[in-house]
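What follows is a set of notes on a single structure, which appears directly below.
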Amino acid sequence: MSEICVLGIFVADISFSGSKIPSIGETILGAKYNVGPGGKGSNQAICIARLGGKVNFFSKIGKDTYGKLALETFKKNNIDTKHIIQNENLQTGVAGILVDKNSGKNAINVITGAPSTLTIEDLKDQINLIKKSKIFLTQLEVPLDVTLHCLKVAKENKVLTILNPAPASELSNEFFKYIDFFTPNETEAEFYTGVKIANEEDAKVASQKLLQLGMKKIIITLGEKGLFYSDGNEDIYLKANTVKALDTTGAGDAFNGGLAFGLSTRKPIKECLELANKVAGISTTKLGAGDAMPFIEDLK
């Protein structure tokens with residue numbers, strides 16, 4: 001039985017590193033480029049597997065060069081590929097990532113490809129695995145009706161649910177009933193609350209608004225400022241770990257993977273947050289997304 005089920009997308013990340021992120025109409029000469037595994041769900045599943053968690057990843061890919069990269073990536077990271085749907089008429093997704101090599105900050109355009117056609121019917125076997133798992137983790141990169149259905153099934157079967165609301169999308173109120181942990185970054189939290197987050201106090205105001213929607217626990221990740229957690233009774237603010245960031249792509253995925261892994265080991269919430277914070281920090285010291293996910297030995 002898998003402890004953690006992750007629903008999401010795989011994309012091939014094509015990242016370009018340069019002295020800055022170009023403005024509209026501007027051409028710059030970059031430093032180097034890299035093609036590697038990406039997609040929020042895939043990155044999160046790789047993170048969990050590398051930390052030693054038992055994970056099932058559900059997605060859809062094409063039968064093409066990037067689909068081959070997906071399968072090779074999952075095998076290399078000991079992630080079972082039998083729940084990945086392949087379709088020769090669809091393209092595996094890609095993401096174009098522009099990275100500022102001085103700050104590690106990025107701008108991303110994602111073409112989801114095959115997973116954008118995922119249906120509830122496609123996932124009927126996988127949904128049975130969700131029912132038997134401890135934790136269900138997902139994002140907003142697959143069709144919303146599929147995401148909602150899986151969250152609902154998980155909650156009805158007493159499975160702990162984590163929704164990483166990225167990219168931020170309009171959600172019906174029904175969504176919020178089935179979410180235990182809601183993990184937006186500061187931009188996504190602002191999208192759902194209208195609160196611009198500059199500090200811990202703003203994060204507290206935003207988390208109170210989010211709790212009123214019906215979710216149980218809110219974690220707002222604040223990049224280099226750390227994170228803010230609230231469940232309505234307890235508030236926890238953690239500073240970010242000090243690291244030399246090379247590339248922040250996938251840091252949020254490392255955080256969510258670390259959080260899911262920590263929760264699966266039944267650690268107290270503060271320890272889970274500290275672990276996830278550390279995992280996210282280490283991920284920014286390497287280039288790429290999926291390939292930058294830390295191994296358990298990197299945490300020592």
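Order determines the names: the first chain of the structure tokens is A, the second B, and so forth; residues in each chain are numbered 1 upward, and ligands are numbered 1 upward as they are shown.
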
Hey, could you make a per-residue contact list for region 72-146 of chain A against region 174-198 of chain A with 10 Å as the cut-off, showing the nearest pair of atoms and its distance in Å to one decimal, counting only C-alpha atoms, sorted by chain and number, as CSV?
residue,atom,partner,partner_atom,distance
A:Phe136,CA,A:Ile179,CA,9.9
A:Leu137,CA,A:Phe181,CA,9.3
A:Gln139,CA,A:Thr183,CA,9.5
A:Leu144,CA,A:Phe175,CA,9.5
A:Asp145,CA,A:Phe175,CA,9.9

Residue list (strand (DSSP E or B), DSSP) for region 65-258 of chain A, as an MDAnalysis selection string: chainID A and resid 84:87 92:100 106:113 135:138 160:163 181:182 185 217:221 227:230 235:238

Excluding same-chain residues fewer than 5 positions from Ser103 (chain A), what lies within 12 Å of it counting only C-alpha atoms, as JSON, numbers by chain? {"A": [17, 18, 19, 20, 21, 98, 224, 243, 244, 245, 246, 247, 248, 249, 284, 285]}

Which of region 51-200 of chain A DSSP labels alpha helix (DSSP H), written as a VMD selection string: chain A and resid 65 to 76 124 to 132 144 to 156 173 to 176 186 to 193 200

Limited to N, CA and C atoms, could you put the picked residues into a file as a CSV table (one decimal), in the first residue's frame?
chain,number,residue,atom,x,y,z
A,65,THR,N,9.6,11.8,-27.2
A,65,THR,CA,10.9,11.9,-26.6
A,65,THR,C,10.8,12.3,-25.1
A,66,TYR,N,9.9,13.3,-24.9
A,66,TYR,CA,9.8,13.8,-23.5
A,66,TYR,C,9.0,12.8,-22.6
A,67,GLY,N,8.1,12.0,-23.2
A,67,GLY,CA,7.5,10.9,-22.5
A,67,GLY,C,8.5,9.9,-22.1
A,68,LYS,N,9.5,9.6,-22.9
A,68,LYS,CA,10.6,8.7,-22.6
A,68,LYS,C,11.4,9.3,-21.4
A,69,LEU,N,11.6,10.6,-21.5
A,69,LEU,CA,12.3,11.2,-20.3
A,69,LEU,C,11.6,11.0,-19.0
A,70,ALA,N,10.2,11.2,-19.1
A,70,ALA,CA,9.4,11.0,-17.9
A,70,ALA,C,9.6,9.6,-17.3
A,71,LEU,N,9.4,8.6,-18.2
A,71,LEU,CA,9.5,7.2,-17.7
A,71,LEU,C,10.9,6.9,-17.1
A,72,GLU,N,11.9,7.4,-17.8
A,72,GLU,CA,13.3,7.1,-17.3
A,72,GLU,C,13.5,7.8,-16.0
A,73,THR,N,12.9,9.0,-15.8
A,73,THR,CA,13.0,9.8,-14.6
A,73,THR,C,12.4,9.0,-13.4
A,74,PHE,N,11.1,8.5,-13.7
A,74,PHE,CA,10.4,7.8,-12.6
A,74,PHE,C,11.1,6.5,-12.2
A,75,LYS,N,11.6,5.8,-13.2
A,75,LYS,CA,12.3,4.5,-12.9
A,75,LYS,C,13.6,4.8,-12.1
A,76,LYS,N,14.3,5.8,-12.5
A,76,LYS,CA,15.6,6.2,-11.8
A,76,LYS,C,15.3,6.6,-10.3
A,124,LYS,N,-10.0,5.7,-13.0
A,124,LYS,CA,-10.8,4.8,-12.2
A,124,LYS,C,-10.0,3.8,-11.3
A,125,ASP,N,-8.9,3.3,-11.9
A,125,ASP,CA,-8.0,2.4,-11.1
A,125,ASP,C,-7.2,3.1,-10.0
A,126,GLN,N,-6.7,4.3,-10.4
A,126,GLN,CA,-5.9,5.1,-9.5
A,126,GLN,C,-6.7,5.6,-8.3
A,127,ILE,N,-8.0,5.8,-8.6
A,127,ILE,CA,-8.9,6.3,-7.5
A,127,ILE,C,-9.0,5.3,-6.4
A,128,ASN,N,-9.0,4.0,-6.7
A,128,ASN,CA,-9.0,3.0,-5.7
A,128,ASN,C,-7.7,3.0,-4.8
A,129,LEU,N,-6.6,3.4,-5.4
A,129,LEU,CA,-5.3,3.5,-4.7
A,129,LEU,C,-5.4,4.7,-3.7
A,130,ILE,N,-6.0,5.8,-4.2
A,130,ILE,CA,-6.2,7.0,-3.3
A,130,ILE,C,-6.9,6.6,-2.0
A,131,LYS,N,-8.0,5.8,-2.2
A,131,LYS,CA,-8.8,5.4,-1.1
A,131,LYS,C,-8.0,4.7,0.0
A,132,LYS,N,-7.0,3.9,-0.4
A,132,LYS,CA,-6.2,3.1,0.5
A,132,LYS,C,-5.0,3.8,1.0
A,144,LEU,N,-9.8,20.8,-13.3
A,144,LEU,CA,-10.3,21.0,-12.0
A,144,LEU,C,-11.4,20.0,-11.6
A,145,ASP,N,-12.2,19.5,-12.5
A,145,ASP,CA,-13.2,18.5,-12.1
A,145,ASP,C,-12.6,17.2,-11.6
A,146,VAL,N,-11.4,16.8,-12.3
A,146,VAL,CA,-10.7,15.6,-11.9
A,146,VAL,C,-10.1,15.8,-10.5
A,147,THR,N,-9.5,17.0,-10.3
A,147,THR,CA,-8.8,17.3,-9.0
A,147,THR,C,-9.9,17.3,-7.9
A,148,LEU,N,-11.0,17.9,-8.1
A,148,LEU,CA,-12.1,18.0,-7.1
A,148,LEU,C,-12.6,16.6,-6.8
A,149,HIS,N,-12.8,15.7,-7.8
A,149,HIS,CA,-13.3,14.4,-7.6
A,149,HIS,C,-12.3,13.6,-6.7
A,150,CYS,N,-11.0,13.7,-7.0
A,150,CYS,CA,-10.0,12.9,-6.2
A,150,CYS,C,-9.9,13.4,-4.8
A,151,LEU,N,-10.0,14.8,-4.6
A,151,LEU,CA,-10.0,15.3,-3.2
A,151,LEU,C,-11.2,14.8,-2.4
A,152,LYS,N,-12.4,14.8,-3.1
A,152,LYS,CA,-13.6,14.3,-2.4
A,152,LYS,C,-13.5,12.8,-2.0
A,153,VAL,N,-13.0,12.0,-2.9
A,153,VAL,CA,-12.9,10.6,-2.7
A,153,VAL,C,-11.9,10.4,-1.5
A,154,ALA,N,-10.8,11.1,-1.5
A,154,ALA,CA,-9.8,11.0,-0.5
A,154,ALA,C,-10.4,11.3,0.9
A,155,LYS,N,-11.1,12.5,1.0
A,155,LYS,CA,-11.7,12.9,2.2
A,155,LYS,C,-12.8,11.9,2.7
A,156,GLU,N,-13.6,11.4,1.8
A,156,GLU,CA,-14.6,10.4,2.2
A,156,GLU,C,-14.0,9.2,2.7
A,173,ASN,N,-16.6,26.9,-4.0
A,173,ASN,CA,-16.5,26.7,-2.5
A,173,ASN,C,-16.5,25.2,-2.1
A,174,GLU,N,-17.0,24.4,-3.0
A,174,GLU,CA,-17.0,22.9,-2.7
A,174,GLU,C,-15.6,22.4,-2.4
A,175,PHE,N,-14.6,22.9,-3.2
A,175,PHE,CA,-13.2,22.5,-3.0
A,175,PHE,C,-12.8,22.6,-1.6
A,176,PHE,N,-13.1,23.7,-1.0
A,176,PHE,CA,-12.5,24.0,0.4
A,176,PHE,C,-12.9,23.0,1.4
A,186,GLU,N,3.0,33.3,-1.6
A,186,GLU,CA,2.5,34.6,-1.2
A,186,GLU,C,1.6,35.1,-2.4
A,187,THR,N,2.0,34.9,-3.6
A,187,THR,CA,1.2,35.4,-4.8
A,187,THR,C,-0.1,34.7,-4.9
A,188,GLU,N,-0.1,33.3,-4.7
A,188,GLU,CA,-1.3,32.5,-4.7
A,188,GLU,C,-2.3,32.9,-3.5
A,189,ALA,N,-1.7,33.1,-2.4
A,189,ALA,CA,-2.5,33.5,-1.2
A,189,ALA,C,-3.2,34.9,-1.5
A,190,GLU,N,-2.5,35.8,-2.1
A,190,GLU,CA,-3.0,37.1,-2.5
A,190,GLU,C,-4.2,36.9,-3.5
A,191,PHE,N,-4.0,36.0,-4.4
A,191,PHE,CA,-5.1,35.7,-5.4
A,191,PHE,C,-6.4,35.3,-4.7
A,192,TYR,N,-6.3,34.4,-3.7
A,192,TYR,CA,-7.5,33.9,-3.0
A,192,TYR,C,-8.0,34.8,-1.9
A,193,THR,N,-7.2,35.8,-1.4
A,193,THR,CA,-7.7,36.6,-0.3
A,193,THR,C,-7.7,38.1,-0.6
A,200,GLU,N,5.0,38.8,8.2
A,200,GLU,CA,4.3,37.8,9.0
A,200,GLU,C,2.9,38.2,9.3

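CA of Asp235 (chain A) to CA of Gly257 (chain A) spans 21.4 Å [interatomic distance, one decimal].
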
May I have the residues within 8 Å of region 78-84 of chain A as a PyMOL selection string, using only C-alpha atoms and disregarding those fewer than 4 positions away in the same chain? chain A and resi 45-46+49+55-61+71+74+126

Please, could you write that set of residues out with C-alpha atoms as a PDB file, in the first residue's frame?
ATOM      1  CA  ALA A  45       6.558  12.715  -6.216  1.00  0.00           C
ATOM      2  CA  ILE A  46      10.327  12.627  -6.916  1.00  0.00           C
ATOM      3  CA  ALA A  49      10.635   9.136  -3.186  1.00  0.00           C
ATOM      4  CA  VAL A  55       4.624   7.183  -3.401  1.00  0.00           C
ATOM      5  CA  ASN A  56       2.271   6.570  -6.321  1.00  0.00           C
ATOM      6  CA  PHE A  57       2.201   9.198  -9.059  1.00  0.00           C
ATOM      7  CA  PHE A  58      -0.802   9.557 -11.392  1.00  0.00           C
ATOM      8  CA  SER A  59      -0.525  11.430 -14.669  1.00  0.00           C
ATOM      9  CA  LYS A  60      -0.814  11.252 -18.468  1.00  0.00           C
ATOM     10  CA  ILE A  61       2.040  11.633 -20.960  1.00  0.00           C
ATOM     11  CA  LEU A  71       9.494   7.171 -17.700  1.00  0.00           C
ATOM     12  CA  PHE A  74      10.416   7.786 -12.615  1.00  0.00           C
ATOM     13  CA  GLN A 126      -5.920   5.068  -9.512  1.00  0.00           C
TER      14      GLN A 126
END

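When only C-alpha atoms are used to compute distances to Phe255 (chain A), the closest of the residues A:Lys40, A:Lys217, A:Lys267, A:Lys101 turns out to be A:Lys40.
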
Which one is closest to Ala114 (chain A): A:Lys239, A:Lys158, A:Lys134, A:Lys63? Count only C-alpha atoms.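 Closest to Ala114 (chain A) of all the choices is A:Lys63.
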
Here is a test: counting only C-alpha atoms, which residue of A:Leu259, A:Val99, A:Met215, A:Ala289 is nearest to Tyr33 (chain A)?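 Checking each of A:Leu259, A:Val99, A:Met215, A:Ala289 against Tyr33 (chain A), counting only C-alpha atoms, the winner is A:Val99.
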
Using only C-alpha atoms: which of A:Pro37, A:Gly262, A:Gly288, A:Gly281 has the shortest distance to Leu222 (chain A):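 For Leu222 (chain A), the nearest of the given residues is A:Gly281.
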
To one decimal in Å, tell me the separation between CA of Ala254 (chain A) and CA of Leu238 (chain A). 16.2 Å
